[in-house]
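Colleague: This is model.txt (compact mmCIF, C-alpha atoms and all ligand atoms).
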```txt
# COMPACT_ATOMS: atom_id res chain seq x y z
CA MET A 1 7.15 60.32 189.97
CA LYS A 2 8.14 63.93 190.55
CA TYR A 3 6.19 63.76 193.82
CA MET A 4 8.10 60.64 194.93
CA THR A 5 11.45 62.25 194.13
CA ARG A 6 10.50 65.19 196.28
CA ILE A 7 9.62 62.88 199.17
CA PHE A 8 12.91 60.99 198.81
CA SER A 9 15.01 64.14 198.72
CA GLY A 10 13.08 65.38 201.74
CA ILE A 11 13.92 62.20 203.64
CA ALA A 12 17.58 62.42 202.57
CA LEU A 13 17.77 66.00 203.84
CA LEU A 14 16.20 64.98 207.15
CA ILE A 15 18.67 62.10 207.60
CA ALA A 16 21.57 64.45 206.78
CA PHE A 17 20.28 66.98 209.32
CA LEU A 18 19.79 64.38 212.04
CA SER A 19 23.24 62.86 211.56
CA ILE A 20 24.97 66.26 211.68
CA HIS A 21 22.94 67.12 214.76
CA SER A 22 23.70 63.92 216.66
CA CYS A 23 27.33 63.96 215.57
CA THR A 24 28.08 67.34 217.12
CA ASP A 25 26.01 67.06 220.28
CA TYR A 26 26.08 63.26 220.80
CA GLY A 27 22.30 63.34 221.29
CA LEU A 28 22.62 65.64 224.30
CA ASN A 29 19.96 68.25 225.03
CA VAL A 30 22.20 71.30 224.63
CA LYS A 31 20.75 74.77 225.28
CA LYS A 32 22.97 77.61 224.17
CA ILE A 33 22.67 80.55 226.56
CA ASP A 34 25.26 82.60 224.65
CA ASN A 35 28.53 82.03 222.74
CA HIS A 36 30.37 80.94 225.89
CA LEU A 37 27.75 79.49 228.21
CA TYR A 38 25.65 76.36 227.66
CA ALA A 39 23.22 74.33 229.71
CA VAL A 40 23.04 70.62 228.96
CA LEU A 41 19.78 69.25 230.29
CA GLY A 42 18.82 65.86 231.69
CA GLU A 43 20.46 62.39 231.71
CA GLY A 44 21.15 62.93 235.38
CA GLY A 45 21.14 66.46 236.73
CA ASN A 46 21.28 69.48 234.43
CA SER A 47 24.82 70.64 233.65
CA GLY A 48 26.41 73.96 232.76
CA VAL A 49 29.48 74.41 230.57
CA PHE A 50 31.36 77.72 230.34
CA PHE A 51 34.14 78.15 227.79
CA CYS A 52 36.73 80.89 228.03
CA ASP A 53 40.21 81.45 226.56
CA THR A 54 42.19 79.63 229.19
CA ALA A 55 39.79 77.22 230.85
CA VAL A 56 36.48 75.38 230.76
CA VAL A 57 34.10 75.18 233.71
CA VAL A 58 31.75 72.19 233.94
CA ILE A 59 28.95 72.41 236.49
CA ASP A 60 27.80 68.86 237.36
CA THR A 61 28.91 65.87 235.31
CA LYS A 62 25.73 63.71 235.00
CA MET A 63 25.66 59.90 235.20
CA LYS A 64 26.08 56.79 233.01
CA GLN A 65 25.96 57.38 229.24
CA GLY A 66 24.94 60.99 229.77
CA ALA A 67 28.18 61.56 231.70
CA GLU A 68 30.25 59.95 228.93
CA ARG A 69 28.54 61.94 226.18
CA LEU A 70 28.92 65.21 228.09
CA GLN A 71 32.64 64.53 228.62
CA ARG A 72 33.10 63.87 224.88
CA TRP A 73 31.17 67.02 223.98
CA VAL A 74 33.23 69.13 226.40
CA ASN A 75 36.49 67.53 225.29
CA ASP A 76 35.80 68.28 221.60
CA LYS A 77 35.41 71.96 222.39
CA ALA A 78 37.92 72.34 225.26
CA LYS A 79 40.94 71.60 223.05
CA GLY A 80 43.18 70.73 225.98
CA LYS A 81 42.28 73.72 228.17
CA LYS A 82 42.29 73.43 231.96
CA ILE A 83 39.03 71.90 233.27
CA TYR A 84 37.28 73.07 236.42
CA ILE A 85 34.43 70.91 237.64
CA ILE A 86 31.98 72.31 240.17
CA ASN A 87 29.59 69.83 241.83
CA THR A 88 26.42 71.44 243.16
CA HIS A 89 26.09 68.47 245.52
CA VAL A 90 27.13 64.90 246.25
CA HIS A 91 24.31 62.92 244.55
CA LYS A 92 25.48 60.54 241.84
CA ASP A 93 23.23 61.99 239.13
CA HIS A 94 25.38 65.15 239.36
CA THR A 95 28.84 63.70 240.05
CA SER A 96 29.29 60.37 238.26
CA GLY A 97 31.23 61.85 235.34
CA ASN A 98 33.92 63.55 237.47
CA HIS A 99 36.48 60.78 236.89
CA LEU A 100 36.15 60.97 233.09
CA TYR A 101 38.02 64.29 232.80
CA SER A 102 41.80 64.51 232.70
CA ASN A 103 43.44 66.38 235.55
CA PRO A 104 40.50 68.55 236.59
CA THR A 105 40.17 70.77 239.63
CA ILE A 106 36.98 69.43 241.25
CA ILE A 107 35.21 71.77 243.66
CA ALA A 108 32.39 70.64 245.96
CA GLY A 109 30.90 71.56 249.33
CA ASP A 110 32.99 70.41 252.32
CA TYR A 111 31.31 67.07 253.02
CA GLY A 112 34.62 65.34 253.74
CA VAL A 113 35.88 62.11 252.18
CA GLN A 114 33.94 59.63 254.30
CA PHE A 115 30.54 61.18 253.65
CA TRP A 116 31.35 61.61 249.95
CA ASP A 117 32.36 57.96 249.55
CA ALA A 118 29.19 56.78 251.31
CA ILE A 119 26.85 58.64 248.93
CA SER A 120 28.82 59.16 245.70
CA SER A 121 31.97 57.19 244.86
CA LYS A 122 35.72 57.28 245.49
CA GLU A 123 36.62 57.66 241.83
CA ASP A 124 34.60 60.87 241.58
CA LEU A 125 36.08 62.46 244.71
CA PRO A 126 36.60 66.26 244.59
CA ASN A 127 40.07 67.69 245.26
CA ARG A 128 38.94 71.03 246.63
CA TRP A 129 36.38 71.25 249.46
CA LEU A 130 34.59 74.59 249.58
CA ALA A 131 33.55 75.77 253.05
CA ASP A 132 32.33 79.24 252.11
CA THR A 133 32.52 81.34 248.96
CA LEU A 134 34.91 81.46 246.04
CA LEU A 135 35.05 84.21 243.41
CA LEU A 136 36.46 82.86 240.18
CA PRO A 137 37.16 85.45 237.44
CA MET A 138 36.80 83.62 234.11
CA GLY A 139 36.80 85.23 230.66
CA ASP A 140 34.13 87.93 230.49
CA ASP A 141 32.47 86.97 233.77
CA THR A 142 33.07 86.32 237.45
CA LEU A 143 31.65 83.16 238.97
CA LEU A 144 30.39 83.34 242.51
CA ILE A 145 30.65 79.80 243.81
CA GLU A 146 28.95 79.59 247.17
CA ASN A 147 28.51 76.83 249.71
CA VAL A 148 25.02 77.71 250.95
CA GLY A 149 25.09 75.05 253.67
CA GLN A 150 22.44 72.46 254.44
CA VAL A 151 19.45 72.59 252.07
CA HIS A 152 19.05 69.61 249.68
CA THR A 153 22.16 68.00 251.20
CA TYR A 154 24.59 69.00 253.98
CA ALA A 155 26.72 71.26 251.77
CA ASP A 156 25.00 72.52 248.62
CA VAL A 157 26.88 74.74 246.21
CA ILE A 158 25.41 77.24 243.77
CA VAL A 159 27.13 78.99 240.88
CA TYR A 160 26.08 82.53 239.98
CA PHE A 161 27.49 84.24 236.88
CA LYS A 162 27.71 87.83 238.08
CA ASN A 163 27.69 89.60 234.69
CA ARG A 164 25.22 87.31 232.99
CA LYS A 165 23.01 87.06 236.09
CA VAL A 166 22.55 83.35 235.50
CA LEU A 167 22.11 81.05 238.49
CA PHE A 168 22.94 77.32 238.46
CA ALA A 169 21.07 76.15 241.55
CA GLY A 170 21.57 72.37 241.61
CA ASP A 171 18.72 70.55 243.33
CA ILE A 172 17.89 73.52 245.55
CA ILE A 173 15.61 74.54 242.67
CA LEU A 174 13.74 72.14 240.40
CA ASN A 175 11.38 73.13 237.64
CA LYS A 176 8.11 71.15 237.75
CA TYR A 177 9.73 68.17 239.46
CA HIS A 178 9.08 66.84 242.93
CA PRO A 179 12.32 67.02 244.94
CA TYR A 180 14.21 63.97 246.12
CA LEU A 181 14.31 64.61 249.86
CA ASP A 182 17.08 62.45 251.26
CA GLU A 183 17.44 62.33 255.04
CA HIS A 184 20.87 60.64 254.82
CA ALA A 185 22.19 63.47 252.68
CA GLY A 186 20.71 66.15 254.96
CA SER A 187 17.63 67.52 253.11
CA ASN A 188 15.87 70.18 255.17
CA VAL A 189 12.60 71.72 253.99
CA GLU A 190 12.78 74.73 256.32
CA ASN A 191 16.23 75.56 254.94
CA TYR A 192 14.92 75.35 251.37
CA ILE A 193 12.39 78.06 252.18
CA ASN A 194 14.91 80.33 253.93
CA THR A 195 17.66 79.83 251.36
CA LEU A 196 15.32 80.53 248.43
CA SER A 197 14.10 83.70 250.18
CA GLY A 198 17.77 84.66 250.47
CA PHE A 199 18.33 84.16 246.71
CA ILE A 200 15.44 86.51 245.94
CA LYS A 201 16.98 89.21 248.14
CA GLU A 202 20.64 88.62 247.31
CA PHE A 203 20.73 88.07 243.55
CA THR A 204 19.39 89.79 240.48
CA ILE A 205 18.44 86.77 238.41
CA LYS A 206 17.77 86.69 234.66
CA LYS A 207 17.98 82.94 234.18
CA VAL A 208 17.85 79.95 236.46
CA VAL A 209 19.21 76.57 235.44
CA PRO A 210 17.50 74.22 237.91
CA GLY A 211 18.91 70.85 238.99
CA HIS A 212 16.19 69.12 236.95
CA GLY A 213 13.66 70.47 234.44
CA GLU A 214 13.72 73.28 231.89
CA ILE A 215 15.59 76.58 232.21
CA GLY A 216 13.46 79.50 233.41
CA GLY A 217 13.56 83.00 234.86
CA SER A 218 13.55 84.20 238.46
CA GLU A 219 10.00 82.85 238.85
CA LEU A 220 11.53 79.39 239.31
CA VAL A 221 12.93 80.52 242.68
CA ASN A 222 9.50 81.66 243.85
CA ASN A 223 7.71 78.64 242.43
CA PHE A 224 9.91 76.13 244.22
CA ARG A 225 9.84 78.09 247.46
CA GLN A 226 6.05 78.12 247.22
CA TYR A 227 6.04 74.35 246.60
CA MET A 228 7.83 73.82 249.92
CA ILE A 229 5.50 76.22 251.75
CA ASP A 230 2.42 74.51 250.25
CA MET A 231 3.70 71.08 251.22
CA GLU A 232 4.35 72.17 254.80
CA ASP A 233 0.83 73.52 254.79
CA VAL A 234 -0.62 70.19 253.66
CA ALA A 235 1.42 68.35 256.30
CA ALA A 236 -0.02 70.66 258.97
CA TYR A 237 -3.56 70.88 257.57
CA PRO A 238 -4.44 67.68 255.66
CA ASP A 239 -7.75 69.29 254.57
CA ASN A 240 -5.77 71.18 251.93
CA GLU A 241 -4.44 68.02 250.35
CA ILE A 242 -6.88 67.71 247.44
CA LYS A 243 -6.35 71.31 246.39
CA MET A 244 -2.57 70.90 246.47
CA ARG A 245 -2.57 67.56 244.66
CA GLU A 246 -4.45 69.38 241.92
CA LYS A 247 -2.02 72.32 241.91
CA TYR A 248 1.02 70.04 241.58
CA SER A 249 -0.57 67.32 239.45
CA LYS A 250 1.72 68.07 236.49
CA TYR A 251 4.91 67.82 238.55
CA LEU A 252 7.13 64.92 237.49
CA SER A 253 9.13 62.49 239.59
CA LEU A 254 12.76 61.65 238.89
CA PRO A 255 13.11 58.15 237.46
CA LEU A 256 15.74 56.94 239.91
CA ASN A 257 14.16 57.58 243.29
CA ARG A 258 10.86 57.56 245.11
CA ALA A 259 10.25 61.32 244.96
CA GLY A 260 6.67 62.53 244.61
CA PHE A 261 3.84 64.31 246.38
CA ASP A 262 3.50 61.58 249.03
CA GLN A 263 7.22 61.33 249.70
CA THR A 264 7.46 65.09 250.24
CA ILE A 265 4.57 65.05 252.73
CA SER A 266 5.84 62.03 254.64
CA PHE A 267 9.36 63.52 254.75
CA ILE A 268 7.97 66.70 256.31
CA ASN A 269 5.88 64.73 258.79
CA LYS A 270 8.86 62.59 259.77
CA SER A 271 11.35 65.40 260.13
CA GLY A 272 8.92 67.38 262.27
CA THR A 273 9.92 70.70 260.78
CA LEU A 274 6.37 72.03 260.72
CA ARG A 275 6.19 75.79 260.75
CA GLU A 276 4.12 77.62 263.30
ZN ZN B 301 19.49 65.63 241.08
ZN ZN B 302 20.13 65.69 244.43
```
Hey, can you dump this file as structure tokens for me?
Modeller:
Amino acid sequence: MKYMTRIFSGIALLIAFLSIHSCTDYGLNVKKIDNHLYAVLGEGGNSGVFFCDTAVVVIDTKMKQGAERLQRWVNDKAKGKKIYIINTHVHKDHTSGNHLYSNPTIIAGDYGVQFWDAISSKEDLPNRWLADTLLLPMGDDTLLIENVGQVHTYADVIVYFKNRKVLFAGDIILNKYHPYLDEHAGSNVENYINTLSGFIKEFTIKKVVPGHGEIGGSELVNNFRQYMIDMEDVAAYPDNEIKMREKYSKYLSLPLNRAGFDQTISFINKSGTLRE
């Protein structure tokens, strides 16, 4: 009897814990980086949320229910502060929650309205196109928001927290995921390799929040750069295919598109960007 009571009280405690947990985070996968900065992973692209005294910065707004839950989570904590949204790129898994926020400044690379509407949607349209670099002092940090040009799409934007040395890379860096290489949006494998080399030289990086997959250190930059180099190698020398399939066998594919080992190789073959 005593044993049963212990089991029941254990179950009650577990239920209480789970309900508190889901109530505060709405079932989102929230990773606290410090008291002000959070990464919220999955359900579309990974997001970042930075809280300071006067404003809240949201990096990428997810899609579908994930977008709605993220907006509720941000709203609970923002308490009416000004909202800045930064979109790392145009794809819907990163932008579909833009319209849920009230009166935000929405910053994205300078795709222009027509291109944006063709790939994302009118209701999520940004109101500030970024052609180069913006330094945004916020609370205890300064955000370097940079349009790095054509990499995963025609105008990818990264956000680097200068004091924290945390990089939000959008889909320029994925962690153990095959990339979605989209010719309509401008994906360019050669530019991935050059841009990622640039990150290694330009930034001191303590943490990387990739567009998809878990948070990591600066090794994520190298790993994804190496992925692109290896794939170009397979495209040029098919003899290496078995070895590389083995090396990347644990890489996942995003549920919403046809990304994978074969798609990467055929994209490289089609775009004819083979390196010498
Ligand atoms: Zn994505
Ligand atoms: Zn993308």
Colleague: For segment 142-144 of chain A, please output as a list in words all residues within 6 Å (counting all atoms listed in the file; exclusion window: fewer than 2 positions along the same chain).
Modeller: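 Final neighbour list, sorted by chain and number: Leu135, Leu136, Pro137, Met138, Val159, Tyr160, Phe161 and Lys162 of chain A.
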Colleague: Quick check, in Å to one decimal: how far apart do atom CA of Asn269 of chain A and atom CA of Gly112 of chain A lie?
Modeller: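 Spanning atom CA of Asn269 of chain A to atom CA of Gly112 of chain A is a straight-line distance of 29.2 Å.
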Colleague: What's the separation between atom CA of Val157 of chain A and atom CA of Gly170 of chain A, in Å to one decimal place?
Modeller: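 So the two atoms, atom CA of Val157 of chain A and atom CA of Gly170 of chain A, lie 7.4 Å apart.
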Colleague: Within 9 Å of ligand ZN 302 (chain B), counting only C-alpha atoms and all ligand atoms, which protein or nucleic acid residues do you find, written as number ranges by chain?
Modeller: A: 45, 88-94, 152-153, 170-172, 179-182, 185, 211
Colleague: From the set A:Lys77, A:Lys64, A:Lys206, A:Lys165, which residue has the shortest atom-to-atom contact distance to Val49 of chain A, counting all atoms listed in the file?
Modeller: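 Of the candidates, the smallest distance to Val49 of chain A is held by A:Lys77.
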Colleague: Please supply segment 196-213 of chain A, rebuilt with N, CA and C atoms, as a PDB file, in the coordinates of the input.
Modeller:
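Output saved as rebuild04.pdb:
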```pdb
ATOM      1  N   LEU A 196      15.925  79.973 249.651  1.00  0.00           N
ATOM      2  CA  LEU A 196      15.320  80.530 248.430  1.00  0.00           C
ATOM      3  C   LEU A 196      14.874  81.973 248.656  1.00  0.00           C
ATOM      4  N   SER A 197      14.402  82.290 249.875  1.00  0.00           N
ATOM      5  CA  SER A 197      14.100  83.700 250.180  1.00  0.00           C
ATOM      6  C   SER A 197      15.367  84.535 250.062  1.00  0.00           C
ATOM      7  N   GLY A 198      16.474  83.984 250.543  1.00  0.00           N
ATOM      8  CA  GLY A 198      17.770  84.660 250.470  1.00  0.00           C
ATOM      9  C   GLY A 198      18.184  84.942 249.020  1.00  0.00           C
ATOM     10  N   PHE A 199      17.979  83.970 248.131  1.00  0.00           N
ATOM     11  CA  PHE A 199      18.330  84.160 246.710  1.00  0.00           C
ATOM     12  C   PHE A 199      17.571  85.353 246.131  1.00  0.00           C
ATOM     13  N   ILE A 200      16.285  85.440 246.494  1.00  0.00           N
ATOM     14  CA  ILE A 200      15.440  86.510 245.940  1.00  0.00           C
ATOM     15  C   ILE A 200      15.989  87.867 246.378  1.00  0.00           C
ATOM     16  N   LYS A 201      16.442  87.945 247.639  1.00  0.00           N
ATOM     17  CA  LYS A 201      16.980  89.210 248.140  1.00  0.00           C
ATOM     18  C   LYS A 201      18.382  89.490 247.610  1.00  0.00           C
ATOM     19  N   GLU A 202      19.206  88.453 247.533  1.00  0.00           N
ATOM     20  CA  GLU A 202      20.640  88.620 247.310  1.00  0.00           C
ATOM     21  C   GLU A 202      21.011  88.792 245.846  1.00  0.00           C
ATOM     22  N   PHE A 203      20.309  88.101 244.955  1.00  0.00           N
ATOM     23  CA  PHE A 203      20.730  88.070 243.550  1.00  0.00           C
ATOM     24  C   PHE A 203      19.711  88.722 242.623  1.00  0.00           C
ATOM     25  N   THR A 204      20.234  89.433 241.615  1.00  0.00           N
ATOM     26  CA  THR A 204      19.390  89.790 240.480  1.00  0.00           C
ATOM     27  C   THR A 204      19.504  88.627 239.504  1.00  0.00           C
ATOM     28  N   ILE A 205      18.383  88.016 239.192  1.00  0.00           N
ATOM     29  CA  ILE A 205      18.440  86.770 238.410  1.00  0.00           C
ATOM     30  C   ILE A 205      17.693  86.926 237.092  1.00  0.00           C
ATOM     31  N   LYS A 206      18.437  86.692 235.975  1.00  0.00           N
ATOM     32  CA  LYS A 206      17.770  86.690 234.660  1.00  0.00           C
ATOM     33  C   LYS A 206      17.375  85.289 234.255  1.00  0.00           C
ATOM     34  N   LYS A 207      18.270  84.336 234.556  1.00  0.00           N
ATOM     35  CA  LYS A 207      17.980  82.940 234.180  1.00  0.00           C
ATOM     36  C   LYS A 207      18.356  82.016 235.327  1.00  0.00           C
ATOM     37  N   VAL A 208      17.528  80.993 235.500  1.00  0.00           N
ATOM     38  CA  VAL A 208      17.850  79.950 236.460  1.00  0.00           C
ATOM     39  C   VAL A 208      17.980  78.626 235.704  1.00  0.00           C
ATOM     40  N   VAL A 209      19.103  77.949 235.903  1.00  0.00           N
ATOM     41  CA  VAL A 209      19.210  76.570 235.440  1.00  0.00           C
ATOM     42  C   VAL A 209      18.994  75.692 236.670  1.00  0.00           C
ATOM     43  N   PRO A 210      17.819  75.033 236.727  1.00  0.00           N
ATOM     44  CA  PRO A 210      17.500  74.220 237.910  1.00  0.00           C
ATOM     45  C   PRO A 210      18.264  72.899 237.861  1.00  0.00           C
ATOM     46  N   GLY A 211      18.252  72.153 238.962  1.00  0.00           N
ATOM     47  CA  GLY A 211      18.910  70.850 238.990  1.00  0.00           C
ATOM     48  C   GLY A 211      18.263  69.849 238.032  1.00  0.00           C
ATOM     49  N   HIS A 212      16.940  69.956 237.894  1.00  0.00           N
ATOM     50  CA  HIS A 212      16.190  69.120 236.950  1.00  0.00           C
ATOM     51  C   HIS A 212      15.063  69.971 236.353  1.00  0.00           C
ATOM     52  N   GLY A 213      14.720  69.715 235.103  1.00  0.00           N
ATOM     53  CA  GLY A 213      13.660  70.470 234.440  1.00  0.00           C
ATOM     54  C   GLY A 213      14.226  71.580 233.561  1.00  0.00           C
TER      55      GLY A 213
END
```
